[in-house]
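Below: one structure, written as structure tokens.
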Amino acid sequence: MSLKRRARFSAVMMSAGIAALVASAFTAPAAQAGHDPATPTPAPSFQSVPRRPSVATPPADQFIVKFKDQARSGSALRAESFGRAAAKLGATAKDVRATAGGARVVRISKELSDGDAGKLLAELRADPAVAYAEPDFKLQAKVADPNDPAFGDQWNLSAKTGGIRATRAWDVTRGNGQVVAVVDTGITSHVDLNENVLDGYDMIADPVASGDHDGRDADATDPGDWSSPGQCGEGSPGVPLSSWHGTHVAGIIAAVTGNGVGMAGIAPGAKVLPVRVLGPCGGQVSDIADAILWASGAPVTDAPLNLNPARVINLSLGGTEACPQTFQDAIDTATARGSIVVAAAGNEMAQASDSTPANCRNVVSVAASGASGALAPYSNFGPGVDITAPGGDMTPTVDGQPDSGVPNGILSTENDGETTATEAPGTNYYWSEGTSFAAPHVSGAAALLMAQMGPTATPAAVEARLKRTARPMTGGCPQGCGAGRLDAALAVLHMSAVVAAGDFNGDGKADVLARENSGILWLYPGNGAGGWLARKQVGSGWNGFTLLVAPGDFNGDRRADVLARDASGAMWLYPGNGAGGWLARKQVGSGWNGFTAIVGAGDINGDGKADVLARDTTGVLWLYPGNGSGGWLGRTKVGSGWNSMTAVAGPGDITGDRKADLLARDAAGVLWRYPGNGSGGFGAKVQVGSGWNSMTTITGRGDYSGDARTDVLSVDGNGTLWLYRGNGLGGFSGRTAAGNGWD
């Protein structure tokens, strides 16, 4: 395995064409670490790169002292010992408390440097009555770096100034279950990437321009995008080397992590869906628009339906034009289907509003920063930028060399072929720079967040969370860098998601369960007037579940229960104890990971027993009738076409007819009520609201306001919890804020 600094050339936009956005970089021969054995191993260059500097010991002001003789530990005697040692450093000492082991915690009146702390400890240890004395230092949560040998070279993922703190985010999520479409040059085989790559599609319609001499087909392999002089227009110089651009972008997002090989991807639990649109001379707007639609799962006339719709679509490509309506229509459709579209802001050192598709609506436009956390010199900027992420800065110094031991570019997977790809799977890695490589950082972080927020997360809510948790640019950014620098860790940490609703403590008032990223489960008891009593922890380790559902009383003991699906698809029943806690869990099913939505909807079929509704990947809605004792009767199909809905919720009876109803939000944000018919089906849908696509959670079942009418709870992208008061007729009489920080 070798790490190389690839010579880069900015591709030029041809007539009606869009090119990969790669910043111009070095034209010197690529540096190579030498030939490698067949099995990838750390290359010599890994050893030459400066590693993370050691962190200086923080100032200390608290110490632990234990005396040999308990009699000596009397307050007057120990105060004398402490005071004498502290006085020599111009400070005073306070005896704070005893530890469980019989020692004393002592706090000094000022913070002591390493040297002064050593002097204090030496003085205390010199006292013959002291058994031991040591600093009472703070410990931090330790996140182990993956064993990928190049991870130390990935400053962009680190906690350093310019990094996105990916490792800390992995404590919470690795993006499992998410699909990220890389709409680009296609992909080449690579040992550190293949495991995370799905079958994609070649969307280039013109066989002459394709580079692989055929039209659209199911082979997304990158045949190389080199070009000969004049090929891309009269007088065009040609590009002698293929960029393997799509492979580089894909590796940033989802290179296999923790496999002891190469590098780490930002969202290693996600899958990459390669969609080829860029050939030797760029790509047509018409092809790229179709690729966006296909990636989102929308039908495209001359292509099969994509069975792995992407929740994130990465566009590391662009041209300096206004947003074509063809692009805008495709992006709007993809967004409405629940896909967040991320685009590179461009490398012209100009206004991002002049670069398309970054200047289209419903796109997250990404500028590039270097290892210092400052805007990269080539990056576009201005009000058209939404957020900034690492894109690298390989600017040479006076002597023509990069400004550190390795190029400060973005390391990722590539192929060694100069024009056509090598036949064997790639084993090498290259540094590159450009907003092309900033965009996949945001796409990877969006995949992490999508996995964390769940299937109801909207593109708007994900974008809002990424922007709200961004950090300031190093040195500021008067040119305009959007919300600031991407922080993947902050985006996914400290979220407290509403996961279930109902009366869990048996007081006749509707409550809420909320799960933190740490896995702690909290009960928020309702006060019966639209607010909450003091919360209570009712579990830990619940972050191992991909979904929690509140079906009501599922086992027939008149207490509210919870169903929890784990990562393997097993469904577990946690019987409520009627006091806000749980009895021993019981497995009640398997294979439930094939569903995109599972709803505890109440008694749908009118037999007095709690049921569950589940939507499969094809959009079919199934009724799983409960048997009243914690199990299931045979399922029945109750609808199709439900994959057009971005959220499904079971509020119970909101029309006052004693039949359980269903709420569903479509891609446009319209909220529909499906009135239950009391026998396992639903009547004609009725619109009950619009603008609901700003909500990350929609849940309910219960009277929260105390007016004997069923209400609905919802959380918006800012973390505000809203109570929608039911009017008893299937609609709402208004909403009130019921809390903040619920995102």
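Labels used: A, B, ... for chains in the order of the structure tokens, numbers from 1 for residues in each chain, and numbers from 1 for ligands as shown.
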
Polymer residues at most 12 Å from Ala220 in chain A, only C-alpha atoms, same-chain spacing of 4 or more positions, as a PyMOL selection string
chain A and resi 181-189+197-204+210-212+214-216+224+246-247+272-279+291

Kindly export the residues of the current selection with N, CA, C and O atoms, as a CSV table (one decimal), in the first residue's frame.
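Dumped to out.csv:
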```
chain,number,residue,atom,x,y,z
A,181,ALA,N,-25.7,8.0,-2.1
A,181,ALA,CA,-25.4,7.9,-3.6
A,181,ALA,C,-24.2,8.9,-3.9
A,181,ALA,O,-24.2,10.0,-3.5
A,182,VAL,N,-23.3,8.4,-4.6
A,182,VAL,CA,-22.1,9.2,-5.1
A,182,VAL,C,-22.3,9.3,-6.6
A,182,VAL,O,-22.1,8.4,-7.4
A,183,VAL,N,-22.9,10.5,-7.0
A,183,VAL,CA,-23.2,10.8,-8.4
A,183,VAL,C,-21.9,11.4,-9.0
A,183,VAL,O,-21.6,12.6,-8.8
A,184,ASP,N,-21.2,10.6,-9.8
A,184,ASP,CA,-19.8,11.0,-10.1
A,184,ASP,C,-19.3,10.3,-11.3
A,184,ASP,O,-20.0,10.0,-12.2
A,185,THR,N,-18.0,9.9,-11.3
A,185,THR,CA,-17.3,9.2,-12.4
A,185,THR,C,-17.5,7.7,-12.4
A,185,THR,O,-17.0,7.0,-13.3
A,186,GLY,N,-18.3,7.2,-11.5
A,186,GLY,CA,-18.4,5.8,-11.3
A,186,GLY,C,-17.4,5.4,-10.2
A,186,GLY,O,-17.0,6.2,-9.4
A,187,ILE,N,-17.1,4.1,-10.2
A,187,ILE,CA,-16.2,3.6,-9.1
A,187,ILE,C,-15.3,2.5,-9.6
A,187,ILE,O,-15.6,1.8,-10.6
A,188,THR,N,-14.2,2.3,-9.0
A,188,THR,CA,-13.3,1.2,-9.3
A,188,THR,C,-13.2,0.3,-8.1
A,188,THR,O,-13.5,0.7,-6.9
A,189,SER,N,-12.7,-0.9,-8.3
A,189,SER,CA,-12.6,-1.9,-7.2
A,189,SER,C,-11.4,-1.5,-6.3
A,189,SER,O,-10.4,-1.1,-6.7
A,197,VAL,N,-19.9,-1.1,-1.0
A,197,VAL,CA,-20.4,-0.6,-2.2
A,197,VAL,C,-21.6,-1.4,-2.7
A,197,VAL,O,-21.4,-2.6,-2.9
A,198,LEU,N,-22.7,-0.8,-3.1
A,198,LEU,CA,-23.8,-1.4,-3.6
A,198,LEU,C,-23.7,-1.4,-5.2
A,198,LEU,O,-22.9,-0.6,-5.7
A,199,ASP,N,-24.5,-2.2,-5.8
A,199,ASP,CA,-24.6,-2.2,-7.3
A,199,ASP,C,-25.3,-0.8,-7.7
A,199,ASP,O,-26.4,-0.5,-7.3
A,200,GLY,N,-24.6,-0.1,-8.5
A,200,GLY,CA,-25.1,1.2,-8.9
A,200,GLY,C,-25.6,1.2,-10.4
A,200,GLY,O,-26.1,0.2,-10.9
A,201,TYR,N,-25.4,2.3,-11.0
A,201,TYR,CA,-25.9,2.5,-12.4
A,201,TYR,C,-25.1,3.5,-13.2
A,201,TYR,O,-24.6,4.5,-12.6
A,202,ASP,N,-24.9,3.2,-14.5
A,202,ASP,CA,-24.2,4.1,-15.4
A,202,ASP,C,-25.3,4.9,-16.1
A,202,ASP,O,-26.1,4.3,-16.9
A,203,MET,N,-25.4,6.2,-15.8
A,203,MET,CA,-26.5,7.0,-16.3
A,203,MET,C,-26.1,7.8,-17.5
A,203,MET,O,-26.9,8.6,-18.0
A,204,ILE,N,-24.9,7.6,-18.1
A,204,ILE,CA,-24.5,8.4,-19.3
A,204,ILE,C,-25.2,7.8,-20.5
A,204,ILE,O,-25.0,6.6,-20.8
A,210,SER,N,-19.5,8.4,-23.4
A,210,SER,CA,-19.4,7.7,-22.2
A,210,SER,C,-18.1,7.3,-21.7
A,210,SER,O,-17.8,7.1,-20.5
A,211,GLY,N,-17.2,7.0,-22.7
A,211,GLY,CA,-15.9,6.5,-22.3
A,211,GLY,C,-15.8,5.0,-22.2
A,211,GLY,O,-14.7,4.4,-22.3
A,212,ASP,N,-17.0,4.4,-22.0
A,212,ASP,CA,-17.0,2.9,-22.0
A,212,ASP,C,-17.7,2.4,-23.3
A,212,ASP,O,-18.0,1.2,-23.4
A,214,ASP,N,-20.7,2.5,-24.4
A,214,ASP,CA,-22.1,2.0,-24.4
A,214,ASP,C,-23.0,3.0,-23.7
A,214,ASP,O,-22.5,4.1,-23.3
A,215,GLY,N,-24.3,2.8,-23.7
A,215,GLY,CA,-25.2,3.8,-23.1
A,215,GLY,C,-25.4,3.4,-21.7
A,215,GLY,O,-24.6,2.8,-21.0
A,216,ARG,N,-26.6,3.7,-21.2
A,216,ARG,CA,-27.0,3.5,-19.8
A,216,ARG,C,-27.1,2.0,-19.6
A,216,ARG,O,-27.7,1.2,-20.4
A,224,GLY,N,-12.3,5.3,-16.6
A,224,GLY,CA,-11.3,6.4,-16.7
A,224,GLY,C,-11.9,7.6,-17.4
A,224,GLY,O,-12.7,7.5,-18.3
A,246,GLY,N,-14.7,9.5,-8.5
A,246,GLY,CA,-15.8,8.9,-7.7
A,246,GLY,C,-15.3,7.9,-6.7
A,246,GLY,O,-15.9,7.8,-5.6
A,247,THR,N,-14.2,7.2,-6.9
A,247,THR,CA,-13.6,6.3,-5.9
A,247,THR,C,-13.1,7.1,-4.8
A,247,THR,O,-13.2,6.6,-3.6
A,272,VAL,N,-22.3,2.8,-0.1
A,272,VAL,CA,-22.2,3.7,-1.2
A,272,VAL,C,-23.0,3.2,-2.4
A,272,VAL,O,-22.8,2.0,-2.7
A,273,LEU,N,-23.8,4.0,-3.0
A,273,LEU,CA,-24.5,3.7,-4.2
A,273,LEU,C,-23.8,4.5,-5.4
A,273,LEU,O,-24.1,5.7,-5.5
A,274,PRO,N,-23.0,3.9,-6.2
A,274,PRO,CA,-22.3,4.7,-7.2
A,274,PRO,C,-23.2,4.9,-8.4
A,274,PRO,O,-23.9,4.0,-8.9
A,275,VAL,N,-23.3,6.1,-8.9
A,275,VAL,CA,-24.1,6.5,-10.1
A,275,VAL,C,-23.2,7.2,-11.0
A,275,VAL,O,-22.8,8.4,-10.7
A,276,ARG,N,-22.9,6.6,-12.2
A,276,ARG,CA,-21.9,7.3,-13.1
A,276,ARG,C,-22.6,8.3,-14.0
A,276,ARG,O,-23.5,8.0,-14.7
A,277,VAL,N,-22.1,9.5,-14.0
A,277,VAL,CA,-22.6,10.6,-14.8
A,277,VAL,C,-21.5,11.4,-15.5
A,277,VAL,O,-21.8,12.1,-16.4
A,278,LEU,N,-20.3,11.2,-15.1
A,278,LEU,CA,-19.2,12.0,-15.6
A,278,LEU,C,-18.2,11.1,-16.4
A,278,LEU,O,-17.7,10.1,-15.9
A,279,GLY,N,-18.0,11.5,-17.7
A,279,GLY,CA,-17.1,10.8,-18.6
A,279,GLY,C,-15.9,11.7,-18.8
A,279,GLY,O,-15.6,12.6,-18.1
A,291,ALA,N,-29.9,11.0,-12.8
A,291,ALA,CA,-29.2,10.2,-11.8
A,291,ALA,C,-29.7,10.6,-10.4
A,291,ALA,O,-29.8,9.8,-9.5
```

Please provide the set of residues having any atom within 6 Å of range 336-349 of chain A, restricted to only C-alpha atoms, with same-chain residues fewer than 3 positions apart removed, written as a VMD selection string.
chain A and resid 23 311 to 316 333 352 358 363 to 367 378 to 380 435 to 436 439 458 to 459 667 to 668

Would you please give, as a compact mmCIF listing (two decimals) with N, CA, C and O atoms, in the first residue's frame, all residues of range 44-280 of chain A that DSSP assigns to helix (DSSP H, G or I) based on the backbone?
```txt
# COMPACT_ATOMS: atom_id res chain seq x y z
N PRO A 44 5.96 3.10 4.55
CA PRO A 44 6.90 3.93 5.30
C PRO A 44 6.39 5.34 5.54
O PRO A 44 6.69 5.94 6.56
N SER A 45 5.60 5.86 4.59
CA SER A 45 5.12 7.23 4.76
C SER A 45 4.24 7.38 5.98
O SER A 45 4.13 8.46 6.55
N PHE A 46 3.58 6.31 6.41
CA PHE A 46 2.76 6.39 7.62
C PHE A 46 3.64 6.74 8.82
O PHE A 46 3.25 7.47 9.71
N GLN A 47 4.84 6.19 8.83
CA GLN A 47 5.71 6.40 9.98
C GLN A 47 6.33 7.79 9.98
O GLN A 47 6.72 8.30 11.02
N SER A 48 6.43 8.41 8.80
CA SER A 48 7.09 9.71 8.72
C SER A 48 6.16 10.87 9.03
O SER A 48 6.60 11.99 9.20
N GLN A 70 -5.22 6.52 61.36
CA GLN A 70 -6.49 7.22 61.33
C GLN A 70 -6.57 8.32 62.38
O GLN A 70 -7.23 9.34 62.19
N ALA A 71 -5.86 8.11 63.49
CA ALA A 71 -5.85 9.14 64.53
C ALA A 71 -5.23 10.43 64.00
O ALA A 71 -5.61 11.54 64.36
N ARG A 72 -4.22 10.23 63.14
CA ARG A 72 -3.54 11.39 62.56
C ARG A 72 -4.46 12.16 61.62
O ARG A 72 -4.23 13.33 61.33
N SER A 73 -5.52 11.51 61.13
CA SER A 73 -6.39 12.15 60.16
C SER A 73 -7.42 13.06 60.81
O SER A 73 -8.35 13.52 60.18
N SER A 75 -9.09 16.42 62.18
CA SER A 75 -9.18 17.64 61.39
C SER A 75 -8.04 18.62 61.67
O SER A 75 -7.48 19.20 60.74
N ALA A 76 -7.65 18.80 62.92
CA ALA A 76 -6.62 19.79 63.23
C ALA A 76 -5.26 19.35 62.69
O ALA A 76 -4.51 20.15 62.11
N LEU A 77 -4.93 18.07 62.86
CA LEU A 77 -3.62 17.57 62.42
C LEU A 77 -3.51 17.56 60.90
O LEU A 77 -2.48 17.93 60.33
N ARG A 78 -4.55 17.13 60.24
CA ARG A 78 -4.44 17.09 58.79
C ARG A 78 -4.45 18.49 58.21
O ARG A 78 -3.78 18.77 57.22
N ALA A 79 -5.19 19.41 58.84
CA ALA A 79 -5.18 20.80 58.36
C ALA A 79 -3.79 21.38 58.47
O ALA A 79 -3.35 22.15 57.61
N GLU A 80 -3.08 20.99 59.51
CA GLU A 80 -1.71 21.46 59.67
C GLU A 80 -0.82 20.95 58.54
O GLU A 80 -0.02 21.71 57.97
N SER A 81 -0.97 19.67 58.19
CA SER A 81 -0.16 19.10 57.12
C SER A 81 -0.49 19.76 55.78
O SER A 81 0.40 20.15 55.01
N PHE A 82 -1.76 19.90 55.50
CA PHE A 82 -2.16 20.49 54.23
C PHE A 82 -1.72 21.95 54.13
O PHE A 82 -1.18 22.40 53.12
N GLY A 83 -1.99 22.67 55.21
CA GLY A 83 -1.69 24.10 55.20
C GLY A 83 -0.21 24.37 55.05
O GLY A 83 0.20 25.30 54.34
N ARG A 84 0.64 23.56 55.72
CA ARG A 84 2.09 23.77 55.63
C ARG A 84 2.59 23.56 54.20
O ARG A 84 3.38 24.34 53.67
N ALA A 85 2.10 22.51 53.53
CA ALA A 85 2.54 22.23 52.17
C ALA A 85 2.07 23.30 51.19
O ALA A 85 2.82 23.74 50.32
N ALA A 86 0.81 23.76 51.35
CA ALA A 86 0.27 24.76 50.43
C ALA A 86 0.93 26.11 50.63
O ALA A 86 1.15 26.86 49.67
N ALA A 87 1.23 26.45 51.89
CA ALA A 87 1.82 27.77 52.18
C ALA A 87 3.14 27.97 51.46
O ALA A 87 3.49 29.09 51.08
N ASP A 114 2.42 21.97 36.50
CA ASP A 114 3.03 20.65 36.69
C ASP A 114 4.12 20.67 37.76
O ASP A 114 4.17 19.82 38.66
N GLY A 115 4.98 21.69 37.67
CA GLY A 115 6.11 21.77 38.60
C GLY A 115 5.67 22.03 40.02
O GLY A 115 6.14 21.38 40.97
N ASP A 116 4.73 23.00 40.22
CA ASP A 116 4.27 23.32 41.57
C ASP A 116 3.46 22.17 42.17
O ASP A 116 3.52 21.92 43.37
N ALA A 117 2.70 21.49 41.33
CA ALA A 117 1.95 20.34 41.83
C ALA A 117 2.92 19.27 42.33
O ALA A 117 2.69 18.63 43.37
N GLY A 118 4.02 19.10 41.62
CA GLY A 118 5.03 18.14 42.04
C GLY A 118 5.64 18.52 43.38
O GLY A 118 5.91 17.65 44.23
N LYS A 119 5.87 19.82 43.56
CA LYS A 119 6.45 20.29 44.82
C LYS A 119 5.47 20.04 45.97
O LYS A 119 5.88 19.62 47.07
N LEU A 120 4.19 20.31 45.76
CA LEU A 120 3.19 20.09 46.80
C LEU A 120 3.14 18.61 47.18
O LEU A 120 3.13 18.25 48.37
N LEU A 121 3.11 17.76 46.17
CA LEU A 121 3.05 16.32 46.44
C LEU A 121 4.30 15.84 47.17
O LEU A 121 4.23 15.00 48.08
N ALA A 122 5.45 16.38 46.78
CA ALA A 122 6.70 15.99 47.44
C ALA A 122 6.67 16.38 48.91
O ALA A 122 7.12 15.62 49.79
N GLU A 123 6.14 17.55 49.20
CA GLU A 123 6.05 18.02 50.58
C GLU A 123 5.12 17.12 51.40
O GLU A 123 5.42 16.74 52.53
N LEU A 124 3.96 16.78 50.79
CA LEU A 124 3.02 15.93 51.51
C LEU A 124 3.58 14.53 51.72
O LEU A 124 3.43 13.93 52.79
N ARG A 125 4.23 13.99 50.71
CA ARG A 125 4.78 12.64 50.81
C ARG A 125 5.94 12.57 51.79
O ARG A 125 6.25 11.49 52.33
N ALA A 126 6.58 13.70 52.02
CA ALA A 126 7.69 13.73 52.98
C ALA A 126 7.21 13.65 54.42
O ALA A 126 7.98 13.35 55.33
N PHE A 151 -5.09 5.98 9.51
CA PHE A 151 -6.00 6.88 10.22
C PHE A 151 -5.24 8.06 10.84
O PHE A 151 -5.78 9.17 10.90
N GLY A 152 -4.02 7.84 11.27
CA GLY A 152 -3.25 8.94 11.83
C GLY A 152 -2.97 10.05 10.84
O GLY A 152 -2.64 11.17 11.23
N ASP A 153 -3.06 9.74 9.54
CA ASP A 153 -2.85 10.75 8.52
C ASP A 153 -4.14 11.47 8.14
O ASP A 153 -4.11 12.41 7.35
N TRP A 155 -6.17 13.84 9.18
CA TRP A 155 -6.43 14.99 10.05
C TRP A 155 -7.87 15.46 9.93
O TRP A 155 -8.45 16.00 10.87
N ASN A 156 -8.46 15.23 8.75
CA ASN A 156 -9.81 15.69 8.48
C ASN A 156 -10.86 15.00 9.34
O ASN A 156 -11.95 15.54 9.56
N LEU A 157 -10.57 13.79 9.85
CA LEU A 157 -11.53 13.08 10.71
C LEU A 157 -11.21 13.26 12.19
O LEU A 157 -11.98 12.82 13.04
N ALA A 166 -14.85 12.82 13.85
CA ALA A 166 -15.63 11.64 13.48
C ALA A 166 -15.57 10.55 14.53
O ALA A 166 -16.56 9.87 14.79
N THR A 167 -14.39 10.36 15.13
CA THR A 167 -14.24 9.28 16.10
C THR A 167 -15.21 9.42 17.26
O THR A 167 -15.79 8.44 17.73
N ARG A 168 -15.39 10.64 17.72
CA ARG A 168 -16.33 10.87 18.83
C ARG A 168 -17.76 10.58 18.38
O ARG A 168 -18.56 10.04 19.15
N ALA A 169 -18.07 10.92 17.14
CA ALA A 169 -19.41 10.64 16.63
C ALA A 169 -19.68 9.15 16.56
O ALA A 169 -20.82 8.70 16.73
N ASN A 194 -14.75 -2.04 -1.31
CA ASN A 194 -15.71 -2.92 -1.98
C ASN A 194 -16.82 -3.42 -1.07
O ASN A 194 -17.97 -3.54 -1.49
N GLU A 195 -16.48 -3.71 0.17
CA GLU A 195 -17.45 -4.27 1.11
C GLU A 195 -18.64 -3.33 1.34
O GLU A 195 -19.74 -3.78 1.66
N ASN A 196 -18.41 -2.05 1.15
CA ASN A 196 -19.47 -1.06 1.43
C ASN A 196 -20.07 -0.46 0.17
O ASN A 196 -20.70 0.60 0.24
N PRO A 207 -23.38 6.87 -25.94
CA PRO A 207 -22.26 5.93 -25.99
C PRO A 207 -20.95 6.58 -26.43
O PRO A 207 -19.88 6.18 -25.99
N VAL A 208 -21.04 7.60 -27.29
CA VAL A 208 -19.83 8.26 -27.79
C VAL A 208 -19.14 9.01 -26.67
O VAL A 208 -17.90 9.02 -26.56
N ALA A 209 -19.92 9.66 -25.80
CA ALA A 209 -19.34 10.47 -24.73
C ALA A 209 -19.04 9.68 -23.46
O ALA A 209 -18.41 10.19 -22.55
N SER A 210 -19.48 8.43 -23.42
CA SER A 210 -19.45 7.70 -22.16
C SER A 210 -18.06 7.28 -21.70
O SER A 210 -17.81 7.15 -20.52
N HIS A 245 -12.11 9.93 -9.65
CA HIS A 245 -12.73 10.89 -8.74
C HIS A 245 -13.82 10.27 -7.87
O HIS A 245 -13.90 10.49 -6.67
N GLY A 246 -14.69 9.46 -8.49
CA GLY A 246 -15.78 8.85 -7.73
C GLY A 246 -15.28 7.91 -6.66
O GLY A 246 -15.87 7.81 -5.57
N THR A 247 -14.19 7.20 -6.93
CA THR A 247 -13.61 6.29 -5.94
C THR A 247 -13.05 7.07 -4.76
O THR A 247 -13.19 6.64 -3.60
N HIS A 248 -12.42 8.22 -5.03
CA HIS A 248 -11.88 9.06 -3.97
C HIS A 248 -13.01 9.58 -3.07
O HIS A 248 -12.92 9.53 -1.84
N VAL A 249 -14.08 10.06 -3.71
CA VAL A 249 -15.23 10.58 -2.95
C VAL A 249 -15.87 9.47 -2.11
O VAL A 249 -16.18 9.66 -0.93
N ALA A 250 -16.05 8.29 -2.71
CA ALA A 250 -16.69 7.18 -2.01
C ALA A 250 -15.89 6.75 -0.79
O ALA A 250 -16.45 6.44 0.27
N GLY A 251 -14.55 6.73 -0.90
CA GLY A 251 -13.72 6.33 0.23
C GLY A 251 -13.85 7.28 1.40
O GLY A 251 -13.84 6.85 2.57
N ILE A 252 -13.96 8.57 1.13
CA ILE A 252 -14.14 9.55 2.21
C ILE A 252 -15.40 9.23 2.99
O ILE A 252 -15.43 9.28 4.22
N ILE A 253 -16.45 8.86 2.29
CA ILE A 253 -17.74 8.61 2.93
C ILE A 253 -17.76 7.29 3.69
O ILE A 253 -18.17 7.24 4.85
N ALA A 254 -17.32 6.21 3.04
CA ALA A 254 -17.60 4.90 3.64
C ALA A 254 -16.51 3.87 3.40
O ALA A 254 -16.80 2.68 3.23
```

What's the 9 Å shell around Arg468 in chain A, counting only C-alpha atoms, without same-chain residues fewer than 5 positions away, as a list in words?
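So, after excluding close chain neighbours, the residues are Glu463, Ala483, Ala491 and Asn718 of chain A.
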
Contact residues around Trp592 in chain A with only C-alpha atoms at 8 Å, ignoring same-chain residues under 5 positions, as a ChimeraX atom specification:
/A:565,569-571
